[in-house]
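Here's the structure we're looking at; comments come further down.
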Amino acid sequence: MKYALRGITAEELSYSMNRIKADKDTKFEIRPQFSRSVRRVAENDKIWFVAMEVKVESTEESPKPFNMKARLVGMFEAEDINDEMDRRDLVINMTEIIYPYLRAAVSSLTATAFLNPPMTLPVVPAGTMFPEDRGEAPANEELN
């Protein structure tokens, strides 16, 4: 299997403050929600796209001081994807390549919004971020 990153695009970057009345010492539980989708181009089966998204959303049940969303899309060229194991390995490797850019985008976005300290996503080992990479659930994949 051979693959190469051909480009990354920030499809969406958004941050908004929420005016929440809270005591000075109130601690908010900020749990980012991650998602990923993988798509293959029908006209050229060597081109793959992986979209990774992270968001923090305030709800009535779980208020947050801000809403944030970052969605990056990576375009890859891959050859010699012969079976399901190659496809799984490719998806994990593409995720591993895009995730540091997503981490940087979130840190930059929240720093620019004067969040002190900026939000820093955790370092996550490859193959453990999504249940389907661990063999626990079907992949969220659109093969077009």
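Residue numbering restarts at 1 for every chain of the structure tokens, chains are lettered A, B, ... in their displayed order, and ligands are numbered from 1 as they appear.
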Which residues of range 55-82 of chain A have any atom within 12 Å of an atom in range 95-103 of chain A when counting only C-alpha atoms, and what is the closest pair of atoms for each, with the distance in Å to one decimal? Order the rows by chain and rising number and write it as a tab-separated table.
```
residue	atom	partner	partner_atom	distance
A:Lys55	CA	A:Leu102	CA	11.1
A:Lys69	CA	A:Leu102	CA	10.5
A:Ala70	CA	A:Leu102	CA	7.2
A:Arg71	CA	A:Leu102	CA	7.6
A:Leu72	CA	A:Leu102	CA	6.6
A:Val73	CA	A:Ile98	CA	7.9
A:Gly74	CA	A:Ile98	CA	6.6
A:Met75	CA	A:Ile98	CA	9.7
A:Phe76	CA	A:Ile97	CA	10.3
```
Go through range 40-63 of chain A and flag each residue having an atom no more than 12 Å from range 120-131 of chain A; for those, report the closest pair of atoms plus their distance in Å to one decimal, using only C-alpha atoms, ordered by chain and rising number, as CSV.
```
residue,atom,partner,partner_atom,distance
A:Met52,CA,A:Phe130,CA,11.1
A:Val54,CA,A:Leu121,CA,9.5
A:Lys55,CA,A:Leu121,CA,11.1
A:Val56,CA,A:Leu121,CA,11.6
```
Output the selection as an mmCIF file, in the first residue's frame - C-alpha atoms for each residue.
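Just written: again_31.cif:
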```
data_model
loop_
_atom_site.group_PDB
_atom_site.id
_atom_site.type_symbol
_atom_site.label_atom_id
_atom_site.label_comp_id
_atom_site.auth_asym_id
_atom_site.auth_seq_id
_atom_site.Cartn_x
_atom_site.Cartn_y
_atom_site.Cartn_z
ATOM 1 C CA MET A 52 -12.444 15.091 10.624
ATOM 2 C CA VAL A 54 -14.462 18.238 16.498
ATOM 3 C CA LYS A 55 -17.114 20.282 18.242
ATOM 4 C CA VAL A 56 -18.076 21.602 21.648
#
```
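Taking CA of Pro65 in chain A as the reference point, CA of Ile20 in chain A is found at 6.3 Å.
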Which residue is closest to Met85 in chain A? Choose from A:Glu61, A:Asp133, A:Asp45, A:Glu53 and count only C-alpha atoms.
A:Asp133
Give me every helix (DSSP H, G or I) residue in range 26-91 of chain A, going by DSSP on the backbone, as a PyMOL selection string.
chain A and resi 84-91
Selected residues, N, CA and C atoms, written as a short mmCIF file (atom, residue, chain, number, x, y, z; two decimals), in the first residue's frame, please.
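Output file again.cif is given in full below:
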```cif
data_model
loop_
_atom_site.label_atom_id
_atom_site.label_comp_id
_atom_site.auth_asym_id
_atom_site.auth_seq_id
_atom_site.Cartn_x
_atom_site.Cartn_y
_atom_site.Cartn_z
N GLU A 84 -9.93 -5.38 2.63
CA GLU A 84 -10.50 -4.63 3.74
C GLU A 84 -9.45 -4.22 4.76
N MET A 85 -8.44 -5.05 4.98
CA MET A 85 -7.38 -4.72 5.94
C MET A 85 -6.55 -3.54 5.43
N ASP A 86 -6.25 -3.50 4.13
CA ASP A 86 -5.54 -2.35 3.55
C ASP A 86 -6.37 -1.08 3.70
N ARG A 87 -7.69 -1.19 3.45
CA ARG A 87 -8.57 -0.02 3.56
C ARG A 87 -8.60 0.48 5.00
N ARG A 88 -8.72 -0.43 5.96
CA ARG A 88 -8.73 -0.05 7.38
C ARG A 88 -7.42 0.63 7.76
N ASP A 89 -6.30 0.05 7.34
CA ASP A 89 -5.00 0.65 7.64
C ASP A 89 -4.86 2.03 7.01
N LEU A 90 -5.34 2.18 5.79
CA LEU A 90 -5.29 3.48 5.12
C LEU A 90 -6.10 4.52 5.89
N VAL A 91 -7.31 4.16 6.30
CA VAL A 91 -8.17 5.10 7.04
C VAL A 91 -7.50 5.51 8.35
#
```
Compare A:Leu13, A:Ile92, A:Ile30, A:Ile8 by their minimum atom-to-atom distance to Met119 in chain A, counting only C-alpha atoms, and give me the closest one.
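Among A:Leu13, A:Ile92, A:Ile30, A:Ile8, it is A:Ile30 that comes nearest to Met119 in chain A.
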Measure the distance from CA of Arg40 in chain A to CA of Ala105 in chain A in Å and round it to one decimal.
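CA of Ala105 in chain A lies 24.5 Å from CA of Arg40 in chain A.
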Measure the distance from CA of Glu29 in chain A to CA of Val50 in chain A in Å and round it to one decimal.
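Answer for the CA of Glu29 in chain A to CA of Val50 in chain A separation: 28.4 Å.
Closest approach to Arg6 in chain A from the set A:Trp48, A:Met68, A:Ala113, A:Glu132 is made by A:Trp48, with distances taken over only C-alpha atoms.
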Using only C-alpha atoms: which of A:Thr110, A:Ser37, A:Thr9, A:Ser16 has the shortest distance to Asn67 in chain A:
A:Ser16
Would you give me, as a PyMOL selection string, the residues in chain A that DSSP reads as strand (DSSP E or B)?
chain A and resi 2-17+33-40+47-56+66-79+141-143
Selection above as a file: C-alpha atoms, as a PDB file, in the first residue's frame:
```pdb
ATOM      1  CA  LYS A   2       1.262   3.455  -0.947  1.00  0.00           C
ATOM      2  CA  TYR A   3      -0.384   6.750  -0.078  1.00  0.00           C
ATOM      3  CA  ALA A   4       0.419  10.447   0.005  1.00  0.00           C
ATOM      4  CA  LEU A   5      -1.266  13.546   1.368  1.00  0.00           C
ATOM      5  CA  ARG A   6      -2.201  15.867  -1.508  1.00  0.00           C
ATOM      6  CA  GLY A   7      -3.834  18.677   0.463  1.00  0.00           C
ATOM      7  CA  ILE A   8      -5.760  19.827   3.521  1.00  0.00           C
ATOM      8  CA  THR A   9      -8.670  22.269   3.617  1.00  0.00           C
ATOM      9  CA  ALA A  10     -10.330  23.896   6.610  1.00  0.00           C
ATOM     10  CA  GLU A  11     -13.963  23.378   5.651  1.00  0.00           C
ATOM     11  CA  GLU A  12     -15.349  25.040   8.785  1.00  0.00           C
ATOM     12  CA  LEU A  13     -13.850  26.880  11.760  1.00  0.00           C
ATOM     13  CA  SER A  14     -16.262  28.557  14.161  1.00  0.00           C
ATOM     14  CA  TYR A  15     -16.241  29.859  17.713  1.00  0.00           C
ATOM     15  CA  SER A  16     -18.941  31.686  19.629  1.00  0.00           C
ATOM     16  CA  MET A  17     -19.155  32.851  23.235  1.00  0.00           C
ATOM     17  CA  GLN A  33     -17.130  15.356  20.231  1.00  0.00           C
ATOM     18  CA  PHE A  34     -15.191  13.862  17.324  1.00  0.00           C
ATOM     19  CA  SER A  35     -16.452  12.523  14.019  1.00  0.00           C
ATOM     20  CA  ARG A  36     -14.874  11.335  10.807  1.00  0.00           C
ATOM     21  CA  SER A  37     -16.091  10.413   7.360  1.00  0.00           C
ATOM     22  CA  VAL A  38     -14.171   8.790   4.546  1.00  0.00           C
ATOM     23  CA  ARG A  39     -15.037   9.147   0.883  1.00  0.00           C
ATOM     24  CA  ARG A  40     -13.525   7.751  -2.280  1.00  0.00           C
ATOM     25  CA  ILE A  47      -8.314   9.646  -4.583  1.00  0.00           C
ATOM     26  CA  TRP A  48      -9.560   9.451  -0.995  1.00  0.00           C
ATOM     27  CA  PHE A  49     -10.942  12.171   1.276  1.00  0.00           C
ATOM     28  CA  VAL A  50     -11.062  12.041   5.051  1.00  0.00           C
ATOM     29  CA  ALA A  51     -13.079  14.689   6.904  1.00  0.00           C
ATOM     30  CA  MET A  52     -12.444  15.091  10.624  1.00  0.00           C
ATOM     31  CA  GLU A  53     -14.569  17.247  12.862  1.00  0.00           C
ATOM     32  CA  VAL A  54     -14.462  18.238  16.498  1.00  0.00           C
ATOM     33  CA  LYS A  55     -17.114  20.282  18.242  1.00  0.00           C
ATOM     34  CA  VAL A  56     -18.076  21.602  21.648  1.00  0.00           C
ATOM     35  CA  PHE A  66     -18.484  28.614  24.283  1.00  0.00           C
ATOM     36  CA  ASN A  67     -19.474  26.680  21.170  1.00  0.00           C
ATOM     37  CA  MET A  68     -16.691  25.607  18.848  1.00  0.00           C
ATOM     38  CA  LYS A  69     -16.498  23.581  15.644  1.00  0.00           C
ATOM     39  CA  ALA A  70     -13.515  22.701  13.473  1.00  0.00           C
ATOM     40  CA  ARG A  71     -13.773  20.536  10.344  1.00  0.00           C
ATOM     41  CA  LEU A  72     -10.743  19.690   8.205  1.00  0.00           C
ATOM     42  CA  VAL A  73     -10.694  17.642   5.017  1.00  0.00           C
ATOM     43  CA  GLY A  74      -7.589  15.872   3.785  1.00  0.00           C
ATOM     44  CA  MET A  75      -7.171  14.649   0.232  1.00  0.00           C
ATOM     45  CA  PHE A  76      -4.977  11.603  -0.310  1.00  0.00           C
ATOM     46  CA  GLU A  77      -3.771   9.597  -3.268  1.00  0.00           C
ATOM     47  CA  ALA A  78      -3.507   5.881  -2.517  1.00  0.00           C
ATOM     48  CA  GLU A  79      -2.514   2.808  -4.505  1.00  0.00           C
ATOM     49  CA  GLU A 141     -17.918   5.843   5.338  1.00  0.00           C
ATOM     50  CA  GLU A 142     -19.321   7.080   2.082  1.00  0.00           C
ATOM     51  CA  LEU A 143     -17.779   5.382  -0.910  1.00  0.00           C
TER      52      LEU A 143
END
```
